[in-house]
>>> print(open('model22.txt').read())   # compact mmCIF, C-alpha atoms
# COMPACT_ATOMS: atom_id res chain seq x y z
CA MET A 1 22.18 3.10 -5.43
CA SER A 2 22.05 4.69 -2.01
CA LYS A 3 20.43 3.90 1.32
CA THR A 4 19.86 6.32 4.19
CA ASN A 5 18.14 6.39 7.54
CA THR A 6 16.30 9.56 8.38
CA TYR A 7 13.93 11.12 10.85
CA VAL A 8 10.66 12.45 9.52
CA LYS A 9 8.34 15.23 10.55
CA MET A 10 4.90 15.37 8.96
CA ASP A 11 1.77 17.43 9.38
CA ARG A 12 -0.59 15.04 11.18
CA SER A 13 -3.60 17.32 10.90
CA GLU A 14 -6.77 15.62 9.68
CA HIS A 15 -8.44 18.93 8.76
CA LEU A 16 -8.36 18.38 5.03
CA PRO A 17 -9.84 20.60 2.31
CA ASP A 18 -12.56 19.57 -0.09
CA PHE A 19 -11.12 18.04 -3.24
CA PRO A 20 -12.51 18.05 -6.78
CA ASP A 21 -13.63 14.52 -7.60
CA GLY A 22 -15.15 12.39 -10.32
CA SER A 23 -15.41 8.85 -11.60
CA VAL A 24 -14.20 6.87 -14.58
CA THR A 25 -15.94 3.93 -16.22
CA ILE A 26 -13.83 0.78 -16.23
CA SER A 27 -14.36 -2.70 -17.60
CA GLU A 28 -16.93 -3.46 -14.91
CA GLY A 29 -18.52 -0.65 -12.87
CA TYR A 30 -16.74 2.59 -12.12
CA MET A 31 -13.83 3.90 -10.08
CA SER A 32 -13.84 7.03 -7.95
CA TRP A 33 -10.97 9.54 -7.87
CA VAL A 34 -10.13 12.86 -6.20
CA ILE A 35 -7.52 15.48 -7.08
CA PRO A 36 -6.41 18.11 -4.53
CA ALA A 37 -5.48 20.70 -7.13
CA THR A 38 -6.91 23.83 -8.71
CA GLY A 39 -9.24 21.97 -11.03
CA GLU A 40 -7.17 23.10 -14.03
CA GLU A 41 -5.87 20.62 -16.55
CA PHE A 42 -2.46 19.13 -15.88
CA SER A 43 0.24 21.16 -17.58
CA LYS A 44 3.37 19.73 -19.11
CA SER A 45 5.29 22.56 -17.46
CA SER A 46 3.97 21.78 -13.94
CA PRO A 47 5.49 19.13 -11.65
CA PRO A 48 4.53 15.68 -12.94
CA PRO A 49 1.27 14.49 -11.34
CA LEU A 50 1.62 11.87 -8.62
CA ILE A 51 -0.87 8.98 -8.59
CA LEU A 52 -1.26 7.44 -5.14
CA ILE A 53 -2.24 3.77 -4.79
CA HIS A 54 -3.65 2.80 -1.40
CA GLY A 55 -3.16 -0.43 0.52
CA GLY A 56 -5.48 -3.16 1.64
CA PRO A 57 -6.72 -4.55 -0.58
CA GLY A 58 -9.88 -2.62 0.09
CA GLY A 59 -8.55 0.13 2.35
CA GLY A 60 -9.68 3.13 0.29
CA HIS A 61 -7.81 6.32 -0.59
CA MET A 62 -8.59 8.05 2.71
CA GLN A 63 -5.66 6.33 4.44
CA LEU A 64 -3.28 8.30 2.19
CA LEU A 65 -4.97 11.71 2.43
CA PRO A 66 -2.40 13.21 4.85
CA LEU A 67 0.03 13.08 1.92
CA TRP A 68 -1.92 15.94 0.32
CA ASN A 69 0.77 18.10 1.96
CA LEU A 70 2.92 17.20 -1.05
CA HIS A 71 0.59 19.41 -3.07
CA LYS A 72 0.23 22.09 -0.43
CA HIS A 73 4.00 22.55 -0.06
CA ASN A 74 5.35 22.14 -3.60
CA GLY A 75 2.35 22.21 -5.93
CA THR A 76 2.60 18.59 -7.07
CA PRO A 77 -0.77 17.58 -8.57
CA LEU A 78 -1.98 14.49 -6.68
CA VAL A 79 -4.45 11.85 -7.82
CA PHE A 80 -6.11 9.68 -5.17
CA TYR A 81 -8.46 6.89 -6.18
CA ASP A 82 -10.40 4.00 -4.66
CA GLN A 83 -9.60 0.60 -6.09
CA VAL A 84 -12.62 -1.39 -7.28
CA GLY A 85 -14.38 -3.19 -4.46
CA CYS A 86 -14.05 -0.49 -1.83
CA ALA A 87 -15.15 2.96 -0.67
CA ARG A 88 -16.76 5.02 -3.46
CA SER A 89 -15.85 2.71 -6.34
CA THR A 90 -18.04 -0.15 -7.54
CA HIS A 91 -18.38 -3.06 -5.12
CA PHE A 92 -18.35 -6.67 -6.30
CA ARG A 93 -19.66 -8.75 -3.42
CA HIS A 94 -21.05 -11.25 -5.92
CA ARG A 95 -17.51 -11.99 -7.11
CA ARG A 96 -16.22 -13.08 -3.72
CA ASP A 97 -13.45 -15.69 -4.02
CA ASP A 98 -13.25 -15.18 -7.78
CA ALA A 99 -9.48 -15.52 -8.09
CA ALA A 100 -9.47 -14.59 -11.78
CA PHE A 101 -11.14 -11.27 -11.03
CA TRP A 102 -9.31 -10.39 -7.79
CA SER A 103 -5.89 -10.37 -9.43
CA PHE A 104 -3.15 -7.87 -10.14
CA ASP A 105 -4.25 -7.87 -13.77
CA THR A 106 -7.52 -6.25 -12.65
CA PHE A 107 -5.84 -3.62 -10.49
CA VAL A 108 -3.24 -2.74 -13.14
CA ALA A 109 -5.97 -2.49 -15.80
CA GLU A 110 -8.02 -0.09 -13.67
CA LEU A 111 -4.91 2.05 -13.08
CA ASN A 112 -4.40 2.25 -16.83
CA HIS A 113 -8.05 3.24 -17.27
CA LEU A 114 -7.57 6.09 -14.80
CA ILE A 115 -4.38 7.30 -16.49
CA ASN A 116 -6.05 7.30 -19.90
CA HIS A 117 -9.16 9.04 -18.56
CA LEU A 118 -7.06 11.86 -17.11
CA GLY A 119 -5.04 12.19 -20.30
CA LEU A 120 -1.78 11.32 -18.58
CA SER A 121 -0.75 8.88 -21.28
CA ASP A 122 -0.73 11.58 -23.95
CA LEU A 123 2.52 12.01 -25.85
CA GLY A 124 4.91 14.10 -23.77
CA GLN A 125 2.97 13.88 -20.50
CA ARG A 126 4.81 12.37 -17.57
CA TYR A 127 3.50 11.18 -14.21
CA ASP A 128 4.85 9.59 -11.04
CA VAL A 129 3.30 6.69 -9.13
CA LEU A 130 3.39 6.06 -5.37
CA GLY A 131 2.14 2.74 -4.03
CA HIS A 132 1.85 1.93 -0.34
CA SER A 133 1.75 -1.59 1.13
CA PHE A 134 -0.57 -3.64 -1.12
CA GLY A 135 -0.58 -0.57 -3.39
CA ALA A 136 3.20 -0.94 -3.75
CA ARG A 137 2.63 -4.38 -5.22
CA ILE A 138 0.22 -2.90 -7.76
CA ALA A 139 2.72 -0.15 -8.56
CA THR A 140 5.48 -2.69 -9.07
CA GLU A 141 3.33 -4.87 -11.34
CA PHE A 142 2.47 -1.71 -13.26
CA ALA A 143 6.10 -0.63 -13.60
CA VAL A 144 7.49 -3.96 -14.83
CA HIS A 145 5.25 -3.63 -17.88
CA LYS A 146 7.06 -0.39 -18.84
CA ALA A 147 3.95 1.79 -18.59
CA LYS A 148 3.81 4.65 -21.07
CA GLY A 149 4.52 8.03 -19.50
CA LEU A 150 5.73 6.70 -16.14
CA HIS A 151 8.45 9.02 -14.88
CA ARG A 152 9.35 7.91 -11.36
CA LEU A 153 8.23 5.24 -8.93
CA VAL A 154 7.83 5.37 -5.14
CA LEU A 155 7.39 2.02 -3.36
CA TRP A 156 6.43 2.69 0.25
CA SER A 157 6.37 -0.21 2.70
CA GLY A 158 6.09 -2.82 -0.02
CA TYR A 159 6.93 -6.52 -0.13
CA ASP A 160 9.03 -8.71 -2.37
CA SER A 161 6.97 -11.90 -2.12
CA GLN A 162 4.02 -13.24 -0.17
CA GLN A 163 6.12 -16.02 1.32
CA ASN A 164 8.68 -13.58 2.72
CA ALA A 165 6.01 -11.12 3.89
CA ARG A 166 4.36 -13.86 5.96
CA ALA A 167 7.68 -15.16 7.28
CA GLU A 168 8.72 -11.67 8.37
CA ALA A 169 5.33 -11.13 10.07
CA ARG A 170 5.94 -14.27 12.11
CA ARG A 171 9.51 -13.21 12.98
CA LEU A 172 8.40 -9.75 14.09
CA THR A 173 5.67 -11.23 16.27
CA TYR A 174 8.19 -13.48 17.99
CA GLU A 175 10.45 -10.48 18.60
CA ALA A 176 7.60 -8.44 20.08
CA SER A 177 6.17 -11.27 22.20
CA PRO A 178 6.13 -10.40 25.92
CA ASN A 179 7.05 -13.90 27.18
CA ALA A 180 7.54 -17.55 26.31
CA ASP A 181 3.98 -18.44 27.33
CA PHE A 182 2.61 -16.03 24.70
CA ILE A 183 4.69 -17.75 22.03
CA ALA A 184 3.68 -21.23 23.23
CA ARG A 185 -0.03 -20.37 23.04
CA PHE A 186 0.46 -18.85 19.60
CA GLU A 187 2.29 -21.94 18.33
CA GLU A 188 -0.42 -24.20 19.76
CA ALA A 189 -3.07 -22.19 17.91
CA GLU A 190 -1.04 -22.48 14.72
CA GLY A 191 -0.70 -26.22 15.17
CA THR A 192 -4.44 -26.73 15.64
CA LYS A 193 -5.27 -24.17 12.94
CA ASP A 194 -7.29 -22.18 15.45
CA PHE A 195 -6.89 -18.92 13.55
CA GLU A 196 -9.96 -17.29 15.09
CA GLY A 197 -9.15 -18.17 18.71
CA GLU A 198 -7.91 -15.84 21.43
CA ALA A 199 -4.21 -16.76 21.16
CA HIS A 200 -4.03 -16.22 17.42
CA ARG A 201 -6.01 -12.97 17.60
CA ALA A 202 -3.67 -11.74 20.35
CA ALA A 203 -0.62 -12.45 18.19
CA LYS A 204 -2.14 -10.65 15.22
CA GLY A 205 -3.12 -7.72 17.44
CA LEU A 206 0.41 -7.50 18.81
CA LEU A 207 1.84 -7.42 15.31
CA PHE A 208 -0.56 -4.70 14.20
CA LYS A 209 -0.13 -2.39 17.21
CA THR A 210 3.67 -2.75 17.17
CA TYR A 211 4.38 -2.46 13.46
CA LEU A 212 1.25 -1.37 11.58
CA CYS A 213 0.04 1.73 13.45
CA ARG A 214 1.60 2.68 16.79
CA THR A 215 -0.19 6.02 17.04
CA SER A 216 -2.54 6.28 20.02
CA PRO A 217 -5.37 6.98 19.84
CA LEU A 218 -5.70 5.55 16.35
CA PRO A 219 -6.07 8.37 13.78
CA GLY A 220 -9.54 9.02 12.39
CA LEU A 221 -8.48 8.42 8.78
CA PHE A 222 -6.93 5.10 9.76
CA LEU A 223 -10.16 4.06 11.48
CA GLU A 224 -12.16 5.17 8.44
CA ALA A 225 -10.04 2.97 6.18
CA SER A 226 -10.46 0.06 8.61
CA ARG A 227 -14.24 0.51 8.60
CA THR A 228 -14.19 0.52 4.81
CA MET A 229 -12.48 -2.88 4.81
CA GLN A 230 -14.92 -4.24 7.39
CA GLU A 231 -18.04 -2.98 5.63
CA ASP A 232 -17.06 -4.82 2.46
CA ASP A 233 -14.28 -7.34 2.97
CA THR A 234 -14.77 -9.01 -0.42
CA ALA A 235 -11.44 -7.91 -1.87
CA THR A 236 -9.54 -8.58 1.35
CA GLN A 237 -10.96 -12.04 1.98
CA SER A 238 -10.75 -13.01 -1.69
CA MET A 239 -7.03 -12.31 -1.83
CA LEU A 240 -5.68 -12.66 1.72
CA ASP A 241 -6.03 -15.49 4.22
CA SER A 242 -7.14 -14.74 7.79
CA ASN A 243 -3.81 -16.18 8.94
CA VAL A 244 -1.32 -13.37 8.41
CA PHE A 245 1.60 -15.61 9.39
CA VAL A 246 1.37 -18.29 6.66
CA ALA A 247 1.13 -17.72 2.91
CA GLY A 248 -1.92 -19.88 2.29
CA ASP A 249 -4.03 -17.40 0.34
CA THR A 250 -4.53 -16.72 -3.36
CA LEU A 251 -1.39 -14.57 -3.32
CA LYS A 252 0.74 -17.33 -1.80
CA ASP A 253 2.79 -17.73 -4.98
CA TRP A 254 3.18 -14.00 -5.69
CA ASP A 255 6.88 -13.16 -6.07
CA ILE A 256 8.01 -10.04 -7.93
CA VAL A 257 11.76 -10.60 -7.40
CA PRO A 258 12.51 -12.35 -10.73
CA ARG A 259 10.98 -9.41 -12.64
CA LEU A 260 12.41 -6.45 -10.71
CA HIS A 261 15.21 -5.95 -13.23
CA GLN A 262 12.53 -4.90 -15.73
CA ILE A 263 11.94 -1.65 -13.78
CA THR A 264 13.98 0.99 -15.58
CA LYS A 265 12.55 4.16 -14.05
CA GLU A 266 14.05 6.06 -11.12
CA SER A 267 12.67 4.45 -7.99
CA LEU A 268 12.49 5.37 -4.31
CA LEU A 269 12.05 2.72 -1.63
CA ILE A 270 10.65 3.79 1.74
CA ASN A 271 10.16 1.71 4.85
CA SER A 272 10.19 2.44 8.56
CA GLU A 273 12.02 1.39 11.70
CA TRP A 274 8.81 -0.25 12.98
CA ASP A 275 7.36 -1.78 9.85
CA THR A 276 6.03 -5.10 8.59
CA SER A 277 7.85 -4.13 5.39
CA THR A 278 11.24 -5.07 6.76
CA ASP A 279 14.66 -4.58 5.22
CA SER A 280 14.46 -8.19 4.05
CA CYS A 281 11.36 -7.30 2.03
CA ASN A 282 13.07 -4.30 0.42
CA GLU A 283 16.59 -5.60 -0.19
CA PRO A 284 15.70 -7.39 -3.47
CA TYR A 285 14.32 -4.12 -4.89
CA PHE A 286 17.48 -2.32 -3.89
CA GLN A 287 19.71 -4.94 -5.49
CA ARG A 288 17.80 -5.45 -8.73
CA ILE A 289 16.46 -2.02 -9.76
CA ALA A 290 19.15 -0.08 -11.60
CA LYS A 291 18.19 3.47 -10.52
CA VAL A 292 17.10 3.25 -6.91
CA GLN A 293 17.37 5.02 -3.56
CA TRP A 294 16.22 3.61 -0.22
CA VAL A 295 15.14 5.62 2.82
CA THR A 296 14.25 4.12 6.22
CA LEU A 297 12.20 6.44 8.44
CA SER A 298 13.38 6.33 12.05
CA GLY A 299 10.72 6.13 14.75
CA CYS A 300 7.90 5.44 12.27
CA ASP A 301 5.70 2.45 11.52
CA HIS A 302 3.88 1.04 8.48
CA MET A 303 1.57 4.07 8.39
CA ALA A 304 4.45 6.52 8.67
CA TRP A 305 2.49 9.73 7.96
CA PHE A 306 0.51 9.15 11.17
CA SER A 307 3.50 8.25 13.35
CA GLY A 308 6.04 10.74 11.98
CA GLU A 309 7.80 12.79 14.63
CA GLU A 310 10.99 14.78 14.31
>>> encode(input="model22.txt", output="structure tokens")
Amino acid sequence: MSKTNTYVKMDRSEHLPDFPDGSVTISEGYMSWVIPATGEEFSKSSPPPLILIHGGPGGGHMQLLPLWNLHKHNGTPLVFYDQVGCARSTHFRHRRDDAAFWSFDTFVAELNHLINHLGLSDLGQRYDVLGHSFGARIATEFAVHKAKGLHRLVLWSGYDSQQNARAEARRLTYEASPNADFIARFEEAEGTKDFEGEAHRAAKGLLFKTYLCRTSPLPGLFLEASRTMQEDDTATQSMLDSNVFVAGDTLKDWDIVPRLHQITKESLLINSEWDTSTDSCNEPYFQRIAKVQWVTLSGCDHMAWFSGEE
């Protein structure tokens, strides 16, 4: 195991090329995918393809598109896809608050459908998986089931449990609060459960602008992902409570820690200096995964590819 802190420099250009795309039929509806590659079939002699799992839920693949530089610079075939319920994949507004449907079982099953459709589960074919934020939870759930063909795992700004994620969000908000009056108004709103009032919205806004995306003005691809979540918030509202500081949603009991030892593949943990995915959220992964490295990006936030500076 090893842990390092590093500075990062990334290409923040949003002038992206057109990517070949398609769709795959899943258990209900279809799922959209794009591959920034030559259009040729994946070769066993090429670098293993990297499947990228976006956050949200419901954020869409566009928030990860700056990572296409991984293909531009070293030829790694990349696979972006939209999870069901958002962007160009099938929407399920009629299944709002259906906890059985909006579960990790659904998201892992659709990932398996994509892998099979692309032929990545064929004997001898390897692939890597990168999950960011909520996508890191999907990637972890996928990995603990010892997925066929999985080569390496990248967990970027993930969380160990919903309880700890909410607790850390509260702690970070207290640390970023400008004064005692701000905290007092926030605590009053919490006490009265006024989660839509000005004080609570101000606290959530402070958390987001300090730790989620510090880039100003907000990048176009970030805004596009935000609009995607607003246009259809079924997945988000079905899984996450409007109160980001208390685990009172359908994921409130989610805790991957007891199963982390089941991950046997080489894994890379990434979080940032300014990140809601704190060291506390990553430490259990570092302690329980046998083959693991951990990198913390200095000067970056939760959406590190937008904030990265040398």
>>> axis_aligned_box(input="model22.txt", around="region 169-182 of chain A", padding_each_side="5 Å", output="lines of an AutoDock Vina configuration file")
center_x = 6.5
center_y = -13.4
center_z = 18.7
size_x = 17.8
size_y = 20.0
size_z = 27.3
>>> atom_distance(input="model22.txt", atom1="CA of Gln83 (chain A)", atom2="CA of Ala290 (chain A)")
29.3 Å
>>> residues_around(input="model22.txt", residues="region 231-243 of chain A", least_positions_apart="3", cutoff="8 Å", atoms="all atoms listed in the file", output="ChimeraX atom specification")
/A:56-58,85-86,91-93,95-99,102-103,195,227-228,246-251
>>> closest_residue(input="model22.txt", among="A:Arg201, A:Pro49, A:Glu168, A:Phe80", to="His151 (chain A)", atoms="only C-alpha atoms")
A:Pro49
>>> atom_distance(input="model22.txt", atom1="CA of His61 (chain A)", atom2="CA of Asp122 (chain A)")
25.0 Å
>>> closest_residue(input="model22.txt", among="A:Leu221, A:Glu273, A:Gly158, A:Leu268", to="Pro66 (chain A)", atoms="all atoms listed in the file")
A:Leu221
>>> residues_around(input="model22.txt", residues="Ile256 (chain A)", least_positions_apart="5", cutoff="10 Å", atoms="all atoms listed in the file", output="MDAnalysis selection string")
chainID A and resid 137 140:141 144 159:162 261 284:285
>>> residues_near_point(input="model22.txt", point="(0.5, -3.2, -7.3)", cutoff="10 Å", atoms="all atoms listed in the file", output="list in words")
Ile53, His54, Gly55, Pro57, Ser103, Phe104, Asp105, Phe107, Val108, Leu111, Leu130, Gly131, His132, Ser133, Phe134, Gly135, Ala136, Arg137, Ile138, Ala139, Thr140, Glu141, Phe142, Ala143, Leu155 and Gly158 of chain A
>>> residues_near_point(input="model22.txt", point="(5.7, -11.0, 7.6)", cutoff="10 Å", atoms="all atoms listed in the file", output="VMD selection string")
chain A and resid 159 161 to 173 207 244 to 247 275 to 278 280 to 281
>>> closest_residue(input="model22.txt", among="A:Leu218, A:Leu212, A:Leu120, A:Leu269", to="Leu153 (chain A)", atoms="only C-alpha atoms")
A:Leu269
>>> atom_distance(input="model22.txt", atom1="CA of Leu67 (chain A)", atom2="CA of Asp82 (chain A)")
15.3 Å
>>> closest_residue(input="model22.txt", among="A:Pro217, A:Asp181, A:Glu266, A:Ser157", to="Glu283 (chain A)", atoms="only C-alpha atoms")
A:Ser157
>>> closest_residue(input="model22.txt", among="A:Arg185, A:Leu118, A:Asn271, A:Met303", to="Glu198 (chain A)", atoms="all atoms listed in the file")
A:Arg185
>>> closest_residue(input="model22.txt", among="A:Trp156, A:Ala189, A:Phe182, A:Asn112", to="Ile270 (chain A)", atoms="all atoms listed in the file")
A:Trp156
>>> residues_around(input="model22.txt", residues="Ile183 (chain A)", least_positions_apart="3", cutoff="12 Å", atoms="all atoms listed in the file", output="PyMOL selection string")
chain A and resi 170-180+186-190+199-200+202-204+206
